[in-house]
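Text of final_9.pdb, listed as PDB, C-alpha atoms and all ligand atoms:
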MODEL        1
ATOM      1  CA  MET A   1      -2.747  35.236  14.336  1.00  0.00           C
ATOM      2  CA  THR A   2      -1.837  37.910  11.805  1.00  0.00           C
ATOM      3  CA  GLY A   3      -3.401  36.310   8.754  1.00  0.00           C
ATOM      4  CA  THR A   4      -0.075  36.059   6.916  1.00  0.00           C
ATOM      5  CA  SER A   5       0.974  32.607   5.776  1.00  0.00           C
ATOM      6  CA  THR A   6       4.496  31.262   5.663  1.00  0.00           C
ATOM      7  CA  ARG A   7       5.273  28.650   3.061  1.00  0.00           C
ATOM      8  CA  LEU A   8       7.654  26.026   4.309  1.00  0.00           C
ATOM      9  CA  PRO A   9      10.295  24.639   1.944  1.00  0.00           C
ATOM     10  CA  GLY A  10      10.123  21.051   0.714  1.00  0.00           C
ATOM     11  CA  GLU A  11       7.407  18.806  -0.574  1.00  0.00           C
ATOM     12  CA  ALA A  12       4.083  18.251   1.145  1.00  0.00           C
ATOM     13  CA  ARG A  13       4.438  14.509   0.573  1.00  0.00           C
ATOM     14  CA  SER A  14       5.515  11.717   2.876  1.00  0.00           C
ATOM     15  CA  CYS A  15       9.116  10.620   2.399  1.00  0.00           C
ATOM     16  CA  TRP A  16       7.947   7.031   1.782  1.00  0.00           C
ATOM     17  CA  VAL A  17       5.645   8.024  -1.052  1.00  0.00           C
ATOM     18  CA  ALA A  18       8.134  10.531  -2.452  1.00  0.00           C
ATOM     19  CA  SER A  19      10.996   8.010  -2.555  1.00  0.00           C
ATOM     20  CA  ALA A  20       9.107   4.893  -3.630  1.00  0.00           C
ATOM     21  CA  PRO A  21       9.515   3.798  -7.230  1.00  0.00           C
ATOM     22  CA  PRO A  22       6.318   4.225  -9.259  1.00  0.00           C
ATOM     23  CA  THR A  23       4.174   1.140  -9.699  1.00  0.00           C
ATOM     24  CA  SER A  24       1.832   0.185 -12.471  1.00  0.00           C
ATOM     25  CA  TYR A  25      -0.494  -2.770 -12.417  1.00  0.00           C
ATOM     26  CA  PRO A  26      -3.034  -3.962 -14.962  1.00  0.00           C
ATOM     27  CA  ARG A  27      -6.721  -3.173 -14.621  1.00  0.00           C
ATOM     28  CA  TYR A  28      -8.703  -6.011 -13.148  1.00  0.00           C
ATOM     29  CA  GLU A  29     -10.048  -8.502 -15.604  1.00  0.00           C
ATOM     30  CA  ARG A  30     -12.067 -11.526 -14.712  1.00  0.00           C
ATOM     31  CA  SER A  31      -9.769 -14.362 -13.785  1.00  0.00           C
ATOM     32  CA  ASP A  32     -10.563 -18.001 -13.165  1.00  0.00           C
ATOM     33  CA  ARG A  33      -7.297 -18.362 -11.257  1.00  0.00           C
ATOM     34  CA  THR A  34      -8.247 -16.079  -8.368  1.00  0.00           C
ATOM     35  CA  GLU A  35      -9.405 -17.927  -5.274  1.00  0.00           C
ATOM     36  CA  ILE A  36      -9.456 -14.942  -2.954  1.00  0.00           C
ATOM     37  CA  ALA A  37      -9.741 -11.238  -3.733  1.00  0.00           C
ATOM     38  CA  VAL A  38      -8.315  -8.804  -1.210  1.00  0.00           C
ATOM     39  CA  VAL A  39      -9.751  -5.293  -1.443  1.00  0.00           C
ATOM     40  CA  GLY A  40      -7.183  -2.597  -0.683  1.00  0.00           C
ATOM     41  CA  GLY A  41      -3.442  -2.460  -1.247  1.00  0.00           C
ATOM     42  CA  GLY A  42      -2.363  -0.861   2.028  1.00  0.00           C
ATOM     43  CA  ILE A  43      -0.371  -2.676   4.695  1.00  0.00           C
ATOM     44  CA  VAL A  44      -3.442  -4.593   5.878  1.00  0.00           C
ATOM     45  CA  GLY A  45      -4.444  -5.841   2.418  1.00  0.00           C
ATOM     46  CA  LEU A  46      -0.895  -6.557   1.300  1.00  0.00           C
ATOM     47  CA  THR A  47      -0.041  -8.433   4.498  1.00  0.00           C
ATOM     48  CA  THR A  48      -3.245 -10.445   4.170  1.00  0.00           C
ATOM     49  CA  ALA A  49      -2.494 -11.204   0.520  1.00  0.00           C
ATOM     50  CA  CYS A  50       1.102 -12.115   1.341  1.00  0.00           C
ATOM     51  CA  LEU A  51       0.066 -14.562   4.069  1.00  0.00           C
ATOM     52  CA  LEU A  52      -2.598 -16.110   1.834  1.00  0.00           C
ATOM     53  CA  ALA A  53      -0.162 -16.467  -1.071  1.00  0.00           C
ATOM     54  CA  ARG A  54       2.406 -18.047   1.238  1.00  0.00           C
ATOM     55  CA  ALA A  55      -0.309 -20.494   2.328  1.00  0.00           C
ATOM     56  CA  GLY A  56      -0.684 -21.493  -1.314  1.00  0.00           C
ATOM     57  CA  ARG A  57      -3.853 -19.564  -2.182  1.00  0.00           C
ATOM     58  CA  ALA A  58      -4.266 -17.736  -5.498  1.00  0.00           C
ATOM     59  CA  VAL A  59      -4.839 -14.120  -4.475  1.00  0.00           C
ATOM     60  CA  THR A  60      -5.694 -10.955  -6.369  1.00  0.00           C
ATOM     61  CA  VAL A  61      -5.315  -7.565  -4.685  1.00  0.00           C
ATOM     62  CA  LEU A  62      -7.824  -4.979  -5.879  1.00  0.00           C
ATOM     63  CA  GLU A  63      -6.613  -1.407  -5.365  1.00  0.00           C
ATOM     64  CA  ALA A  64      -8.684   1.593  -6.446  1.00  0.00           C
ATOM     65  CA  LEU A  65      -5.907   4.204  -6.331  1.00  0.00           C
ATOM     66  CA  SER A  66      -2.259   3.270  -5.904  1.00  0.00           C
ATOM     67  CA  VAL A  67      -0.626   0.518  -3.874  1.00  0.00           C
ATOM     68  CA  GLY A  68       0.715   1.559  -0.469  1.00  0.00           C
ATOM     69  CA  GLN A  69       0.176   5.256  -0.984  1.00  0.00           C
ATOM     70  CA  GLN A  70      -2.875   6.020   1.088  1.00  0.00           C
ATOM     71  CA  VAL A  71      -2.825   5.928   4.901  1.00  0.00           C
ATOM     72  CA  THR A  72       0.025   3.392   4.923  1.00  0.00           C
ATOM     73  CA  GLY A  73       2.255   5.556   2.751  1.00  0.00           C
ATOM     74  CA  ARG A  74       1.583   8.585   4.920  1.00  0.00           C
ATOM     75  CA  SER A  75       2.234   7.031   8.306  1.00  0.00           C
ATOM     76  CA  THR A  76       5.319   7.560  10.423  1.00  0.00           C
ATOM     77  CA  ALA A  77       6.050   3.839   9.887  1.00  0.00           C
ATOM     78  CA  LYS A  78       7.211   3.025  13.360  1.00  0.00           C
ATOM     79  CA  ILE A  79       6.651  -0.497  14.615  1.00  0.00           C
ATOM     80  CA  THR A  80       5.757  -0.457  18.250  1.00  0.00           C
ATOM     81  CA  THR A  81       3.469  -2.074  20.757  1.00  0.00           C
ATOM     82  CA  GLN A  82       3.422   1.142  22.762  1.00  0.00           C
ATOM     83  CA  HIS A  83       0.993   3.874  21.813  1.00  0.00           C
ATOM     84  CA  ALA A  84       1.065   6.813  24.185  1.00  0.00           C
ATOM     85  CA  LEU A  85      -0.747   5.818  27.393  1.00  0.00           C
ATOM     86  CA  VAL A  86      -3.061   3.328  25.688  1.00  0.00           C
ATOM     87  CA  TYR A  87      -2.532   0.551  28.226  1.00  0.00           C
ATOM     88  CA  SER A  88      -3.275   2.598  31.307  1.00  0.00           C
ATOM     89  CA  ASP A  89      -6.285   4.108  29.504  1.00  0.00           C
ATOM     90  CA  LEU A  90      -7.525   0.631  28.480  1.00  0.00           C
ATOM     91  CA  ALA A  91      -6.918  -0.842  31.907  1.00  0.00           C
ATOM     92  CA  ALA A  92      -8.803   2.026  33.530  1.00  0.00           C
ATOM     93  CA  ALA A  93     -11.704   1.898  31.060  1.00  0.00           C
ATOM     94  CA  SER A  94     -11.991  -1.833  30.298  1.00  0.00           C
ATOM     95  CA  GLY A  95      -9.907  -3.686  32.839  1.00  0.00           C
ATOM     96  CA  LEU A  96      -6.508  -5.289  32.968  1.00  0.00           C
ATOM     97  CA  GLU A  97      -7.511  -8.386  30.986  1.00  0.00           C
ATOM     98  CA  ARG A  98      -8.558  -6.371  27.908  1.00  0.00           C
ATOM     99  CA  ALA A  99      -5.435  -4.250  28.147  1.00  0.00           C
ATOM    100  CA  ARG A 100      -3.398  -7.465  28.287  1.00  0.00           C
ATOM    101  CA  LEU A 101      -5.220  -8.926  25.227  1.00  0.00           C
ATOM    102  CA  TYR A 102      -4.615  -5.701  23.309  1.00  0.00           C
ATOM    103  CA  GLY A 103      -0.944  -5.863  24.274  1.00  0.00           C
ATOM    104  CA  GLU A 104      -0.694  -9.492  23.122  1.00  0.00           C
ATOM    105  CA  ALA A 105      -2.353  -8.660  19.781  1.00  0.00           C
ATOM    106  CA  ASN A 106       0.102  -5.804  19.262  1.00  0.00           C
ATOM    107  CA  HIS A 107       2.986  -8.057  20.227  1.00  0.00           C
ATOM    108  CA  ALA A 108       1.835 -10.719  17.725  1.00  0.00           C
ATOM    109  CA  GLY A 109       1.639  -8.041  15.010  1.00  0.00           C
ATOM    110  CA  ALA A 110       5.152  -6.806  15.716  1.00  0.00           C
ATOM    111  CA  GLU A 111       6.448 -10.378  15.682  1.00  0.00           C
ATOM    112  CA  LEU A 112       4.676 -11.054  12.377  1.00  0.00           C
ATOM    113  CA  ILE A 113       6.339  -8.019  10.799  1.00  0.00           C
ATOM    114  CA  ALA A 114       9.712  -9.110  12.173  1.00  0.00           C
ATOM    115  CA  SER A 115       9.268 -12.606  10.717  1.00  0.00           C
ATOM    116  CA  LEU A 116       8.212 -11.262   7.299  1.00  0.00           C
ATOM    117  CA  VAL A 117      11.230  -8.919   7.281  1.00  0.00           C
ATOM    118  CA  ARG A 118      13.466 -11.907   8.015  1.00  0.00           C
ATOM    119  CA  ASP A 119      11.816 -14.388   5.636  1.00  0.00           C
ATOM    120  CA  LEU A 120      11.554 -11.998   2.697  1.00  0.00           C
ATOM    121  CA  SER A 121      15.038 -10.514   3.289  1.00  0.00           C
ATOM    122  CA  ILE A 122      13.616  -6.995   3.453  1.00  0.00           C
ATOM    123  CA  ARG A 123      16.335  -4.436   4.089  1.00  0.00           C
ATOM    124  CA  LEU A 124      15.100  -2.968   7.326  1.00  0.00           C
ATOM    125  CA  ARG A 125      16.776  -2.599  10.698  1.00  0.00           C
ATOM    126  CA  LEU A 126      14.445  -3.688  13.454  1.00  0.00           C
ATOM    127  CA  PRO A 127      15.957  -2.724  16.764  1.00  0.00           C
ATOM    128  CA  GLY A 128      15.031  -4.963  19.688  1.00  0.00           C
ATOM    129  CA  SER A 129      12.659  -3.514  22.203  1.00  0.00           C
ATOM    130  CA  ARG A 130      12.296  -4.260  25.865  1.00  0.00           C
ATOM    131  CA  PHE A 131       8.543  -4.009  25.291  1.00  0.00           C
ATOM    132  CA  ARG A 132       8.597  -6.933  22.860  1.00  0.00           C
ATOM    133  CA  ASP A 133       9.163  -9.339  25.728  1.00  0.00           C
ATOM    134  CA  PRO A 134       5.684 -10.452  26.921  1.00  0.00           C
ATOM    135  CA  ALA A 135       7.036 -11.552  30.312  1.00  0.00           C
ATOM    136  CA  ARG A 136       8.353  -8.066  31.003  1.00  0.00           C
ATOM    137  CA  ARG A 137       5.100  -6.562  29.751  1.00  0.00           C
ATOM    138  CA  SER A 138       3.051  -8.779  32.092  1.00  0.00           C
ATOM    139  CA  ALA A 139       5.312  -7.739  34.914  1.00  0.00           C
ATOM    140  CA  ARG A 140       4.551  -4.115  34.079  1.00  0.00           C
ATOM    141  CA  PHE A 141       0.800  -4.824  34.043  1.00  0.00           C
ATOM    142  CA  ALA A 142       1.020  -6.586  37.356  1.00  0.00           C
ATOM    143  CA  ARG A 143       2.504  -3.520  39.006  1.00  0.00           C
TER     144      ARG A 143
HETATM  145  C1  LIG B   1      -0.230  10.385  10.288  1.00  0.00           C
HETATM  146  C2  LIG B   1      -0.299   8.907  10.595  1.00  0.00           C
HETATM  147  C3  LIG B   1       0.796   8.302  11.179  1.00  0.00           C
HETATM  148  C4  LIG B   1       0.740   6.945  11.481  1.00  0.00           C
HETATM  149  N1  LIG B   1       1.847   6.349  12.025  1.00  0.00           N
HETATM  150  C5  LIG B   1       1.843   5.032  12.276  1.00  0.00           C
HETATM  151  C6  LIG B   1       3.010   4.390  12.761  1.00  0.00           C
HETATM  152  O1  LIG B   1       4.043   5.019  12.956  1.00  0.00           O
HETATM  153  N2  LIG B   1       2.963   3.065  13.003  1.00  0.00           N
HETATM  154  C7  LIG B   1       1.820   2.330  12.798  1.00  0.00           C
HETATM  155  O2  LIG B   1       1.845   1.116  13.041  1.00  0.00           O
HETATM  156  N3  LIG B   1       0.697   2.912  12.317  1.00  0.00           N
HETATM  157  C8  LIG B   1       0.683   4.233  12.046  1.00  0.00           C
HETATM  158  N4  LIG B   1      -0.443   4.830  11.568  1.00  0.00           N
HETATM  159  C9  LIG B   1      -1.616   3.992  11.316  1.00  0.00           C
HETATM  160  C10 LIG B   1      -1.376   3.159  10.057  1.00  0.00           C
HETATM  161  O3  LIG B   1      -0.774   3.970   9.074  1.00  0.00           O
HETATM  162  C11 LIG B   1      -2.709   2.598   9.554  1.00  0.00           C
HETATM  163  O4  LIG B   1      -3.332   1.880  10.607  1.00  0.00           O
HETATM  164  C12 LIG B   1      -2.474   1.655   8.401  1.00  0.00           C
HETATM  165  O5  LIG B   1      -1.628   2.225   7.408  1.00  0.00           O
HETATM  166  C13 LIG B   1      -3.811   1.313   7.785  1.00  0.00           C
HETATM  167  O6  LIG B   1      -3.533   0.446   6.728  1.00  0.00           O
HETATM  168  P1  LIG B   1      -4.687  -0.023   5.778  1.00  0.00           P
HETATM  169  O7  LIG B   1      -4.100  -1.021   4.824  1.00  0.00           O
HETATM  170  O8  LIG B   1      -5.864  -0.437   6.593  1.00  0.00           O
HETATM  171  O9  LIG B   1      -5.178   1.321   5.042  1.00  0.00           O
HETATM  172  P2  LIG B   1      -4.596   2.057   3.728  1.00  0.00           P
HETATM  173  O10 LIG B   1      -3.116   2.149   3.735  1.00  0.00           O
HETATM  174  O11 LIG B   1      -5.365   3.322   3.596  1.00  0.00           O
HETATM  175  O12 LIG B   1      -5.000   1.066   2.580  1.00  0.00           O
HETATM  176  C14 LIG B   1      -6.345   0.878   2.192  1.00  0.00           C
HETATM  177  C15 LIG B   1      -6.344   0.800   0.682  1.00  0.00           C
HETATM  178  O13 LIG B   1      -7.615   0.357   0.252  1.00  0.00           O
HETATM  179  C16 LIG B   1      -7.939   1.051  -0.945  1.00  0.00           C
HETATM  180  N5  LIG B   1      -9.375   0.968  -1.067  1.00  0.00           N
HETATM  181  C17 LIG B   1     -10.302   1.446  -0.217  1.00  0.00           C
HETATM  182  N6  LIG B   1     -11.531   1.133  -0.650  1.00  0.00           N
HETATM  183  C18 LIG B   1     -11.361   0.432  -1.795  1.00  0.00           C
HETATM  184  C19 LIG B   1     -12.269  -0.177  -2.704  1.00  0.00           C
HETATM  185  N7  LIG B   1     -13.597  -0.126  -2.526  1.00  0.00           N
HETATM  186  N8  LIG B   1     -11.756  -0.826  -3.777  1.00  0.00           N
HETATM  187  C20 LIG B   1     -10.410  -0.905  -3.967  1.00  0.00           C
HETATM  188  N9  LIG B   1      -9.496  -0.330  -3.128  1.00  0.00           N
HETATM  189  C21 LIG B   1      -9.995   0.319  -2.061  1.00  0.00           C
HETATM  190  C22 LIG B   1      -7.394   2.448  -0.720  1.00  0.00           C
HETATM  191  O14 LIG B   1      -7.168   3.125  -1.940  1.00  0.00           O
HETATM  192  C23 LIG B   1      -6.091   2.152   0.020  1.00  0.00           C
HETATM  193  O15 LIG B   1      -4.957   2.034  -0.841  1.00  0.00           O
HETATM  194  C24 LIG B   1      -0.424   6.184  11.219  1.00  0.00           C
HETATM  195  C25 LIG B   1      -1.520   6.804  10.610  1.00  0.00           C
HETATM  196  C26 LIG B   1      -1.452   8.144  10.300  1.00  0.00           C
HETATM  197  C27 LIG B   1      -2.646   8.793   9.634  1.00  0.00           C
ENDMDL
END

Could you express the structure from this file as structure tokens?
Amino acid sequence: MTGTSTRLPGEARSCWVASAPPTSYPRYERSDRTEIAVVGGGIVGLTTACLLARAGRAVTVLEALSVGQQVTGRSTAKITTQHALVYSDLAAASGLERARLYGEANHAGAELIASLVRDLSIRLRLPGSRFRDPARRSARFAR
């Protein structure tokens, strides 16, 4: 290390945050219409709110900063059920059954995103993945 710093060109912002249109929502005021308040407007809160609203519940999302611009807006945004060597690590540490449950939960999450993309006509290309087939995944676990 020489102690000199090199400034890289470009913006130190995620491309999602940099390219998203600005949003502006009203400050929270007491509402008799709200049945359920969801705290946090990241992907977890927004997905929760979306599912509740689709189930007919009156939902208010409470966001302290800006919607979708915290961890969610700074992620690499890939949808995958594979995370490095998580399954072999889980199987070694907690057994095959827990690794399988974790895989099924991840699979359900990926399927939920795919169904929301379809139902809400979101412009997003979701390539198929051989790892989205639970039968193939079980076969891999069994090996
Ligand atoms: C560098 C990086 C890359 C990643 N890449 C991927 C990836 O490729 N694929 C993937 O699936 N996951 C990825 N992840 C993980 C993923 O981004 C997170 O798991 C996910 O975004 C978390 O969403 P969240 O809604 O829980 O959190 P956040 O997006 O942080 O949302 C929480 C929100 O709650 C608000 N909040 C907190 N407290 C309060 C309060 N008291 N009142 C009101 N509002 C509050 C915050 O302001 C924030 O907006 C990545 C994470 C990082 C850091």

Find the nearest atom pair between each residue of chain A and ligand LIG 1 (chain B) for residues within 6 Å, count all atoms listed in the file, give distances in Å to one decimal, sort rows by chain and ascending number, and present the table as a Markdown table.
| residue | atom | partner | partner_atom | distance |
| --- | --- | --- | --- | --- |
| A:Val39 | CA | B:LIG1 | C20 | 5.1 |
| A:Gly40 | CA | B:LIG1 | O13 | 3.1 |
| A:Gly41 | CA | B:LIG1 | O15 | 4.8 |
| A:Gly42 | CA | B:LIG1 | O7 | 3.3 |
| A:Ile43 | CA | B:LIG1 | O7 | 4.1 |
| A:Val44 | CA | B:LIG1 | O7 | 3.8 |
| A:Gly45 | CA | B:LIG1 | O7 | 5.4 |
| A:Leu62 | CA | B:LIG1 | C20 | 5.2 |
| A:Glu63 | CA | B:LIG1 | N9 | 3.8 |
| A:Ala64 | CA | B:LIG1 | C20 | 3.9 |
| A:Leu65 | CA | B:LIG1 | O14 | 4.7 |
| A:Ser66 | CA | B:LIG1 | O15 | 5.9 |
| A:Val67 | CA | B:LIG1 | O15 | 5.5 |
| A:Gly68 | CA | B:LIG1 | O15 | 5.7 |
| A:Gln70 | CA | B:LIG1 | O11 | 4.4 |
| A:Val71 | CA | B:LIG1 | O11 | 3.9 |
| A:Thr72 | CA | B:LIG1 | O5 | 3.2 |
| A:Arg74 | CA | B:LIG1 | C1 | 5.9 |
| A:Ser75 | CA | B:LIG1 | C3 | 3.5 |
| A:Thr76 | CA | B:LIG1 | O1 | 3.8 |
| A:Ala77 | CA | B:LIG1 | O1 | 3.9 |
| A:Lys78 | CA | B:LIG1 | O1 | 3.8 |
| A:Ile79 | CA | B:LIG1 | O2 | 5.3 |

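Take the candidates A:Gln69, A:Val61, A:Gly56, A:Arg33 and check each one against Ala20 (chain A) using all atoms listed in the file; the shortest distance goes to A:Gln69.
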
Given all atoms listed in the file as the basis, pick out the residue of A:Cys50, A:Leu126, A:Ser115, A:Gly103 nearest to His83 (chain A).
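Of the candidates, the smallest distance to His83 (chain A) is held by A:Gly103.
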
Length of the CA of Asn106 (chain A) to CA of Gln82 (chain A) vector [Å]
8.5 Å

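Minimum atom-to-atom distances from A:Arg30, A:Leu116, A:Thr4, A:Arg125 to Leu46 (chain A) were compared using only C-alpha atoms, and the lowest value belongs to A:Leu116.
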
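Pairwise distance (CA of Arg57 (chain A), CA of Glu104 (chain A)) equals 27.4 Å.
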
Would you pick out the contacts of Val86 (chain A) at 12 Å or less, using all atoms listed in the file, so that residues sharing its chain but fewer than 6 positions from it are not included, and give the list as a VMD selection string?
chain A and resid 92 to 94 96 98 to 100 102 to 103 106

As a compact mmCIF listing (two decimals), in the coordinates of the input, please: region 27-45 of chain A completed to N, CA and C atoms.
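Output file result-v6.txt is given in full below:
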# COMPACT_ATOMS: atom_id res chain seq x y z
N ARG A 27 -5.34 -3.26 -15.09
CA ARG A 27 -6.72 -3.17 -14.62
C ARG A 27 -7.24 -4.58 -14.37
N TYR A 28 -8.15 -4.70 -13.45
CA TYR A 28 -8.70 -6.01 -13.15
C TYR A 28 -9.50 -6.56 -14.33
N GLU A 29 -9.21 -7.79 -14.64
CA GLU A 29 -10.05 -8.50 -15.60
C GLU A 29 -10.44 -9.82 -14.97
N ARG A 30 -11.59 -10.27 -15.30
CA ARG A 30 -12.07 -11.53 -14.71
C ARG A 30 -11.01 -12.62 -14.86
N SER A 31 -10.78 -13.33 -13.76
CA SER A 31 -9.77 -14.36 -13.78
C SER A 31 -10.31 -15.61 -13.12
N ASP A 32 -10.12 -16.74 -13.77
CA ASP A 32 -10.56 -18.00 -13.16
C ASP A 32 -9.52 -18.53 -12.19
N ARG A 33 -8.35 -17.87 -12.15
CA ARG A 33 -7.30 -18.36 -11.26
C ARG A 33 -7.47 -17.84 -9.84
N THR A 34 -8.14 -16.69 -9.69
CA THR A 34 -8.25 -16.08 -8.37
C THR A 34 -9.14 -16.89 -7.45
N GLU A 35 -8.59 -17.27 -6.29
CA GLU A 35 -9.40 -17.93 -5.27
C GLU A 35 -9.95 -16.90 -4.30
N ILE A 36 -9.08 -15.93 -3.97
CA ILE A 36 -9.46 -14.94 -2.95
C ILE A 36 -9.08 -13.55 -3.45
N ALA A 37 -10.03 -12.63 -3.39
CA ALA A 37 -9.74 -11.24 -3.73
C ALA A 37 -9.59 -10.44 -2.45
N VAL A 38 -8.53 -9.68 -2.37
CA VAL A 38 -8.32 -8.80 -1.21
C VAL A 38 -8.54 -7.38 -1.69
N VAL A 39 -9.44 -6.67 -1.03
CA VAL A 39 -9.75 -5.29 -1.44
C VAL A 39 -8.89 -4.33 -0.64
N GLY A 40 -8.01 -3.61 -1.33
CA GLY A 40 -7.18 -2.60 -0.68
C GLY A 40 -5.72 -3.00 -0.62
N GLY A 41 -4.88 -2.17 -1.21
CA GLY A 41 -3.44 -2.46 -1.25
C GLY A 41 -2.64 -1.61 -0.29
N GLY A 42 -3.16 -1.46 0.95
CA GLY A 42 -2.36 -0.86 2.03
C GLY A 42 -1.68 -1.98 2.80
N ILE A 43 -1.12 -1.65 3.96
CA ILE A 43 -0.37 -2.68 4.70
C ILE A 43 -1.28 -3.83 5.13
N VAL A 44 -2.54 -3.52 5.43
CA VAL A 44 -3.44 -4.59 5.88
C VAL A 44 -3.73 -5.56 4.73
N GLY A 45 -4.12 -5.00 3.57
CA GLY A 45 -4.44 -5.84 2.42
C GLY A 45 -3.22 -6.59 1.91
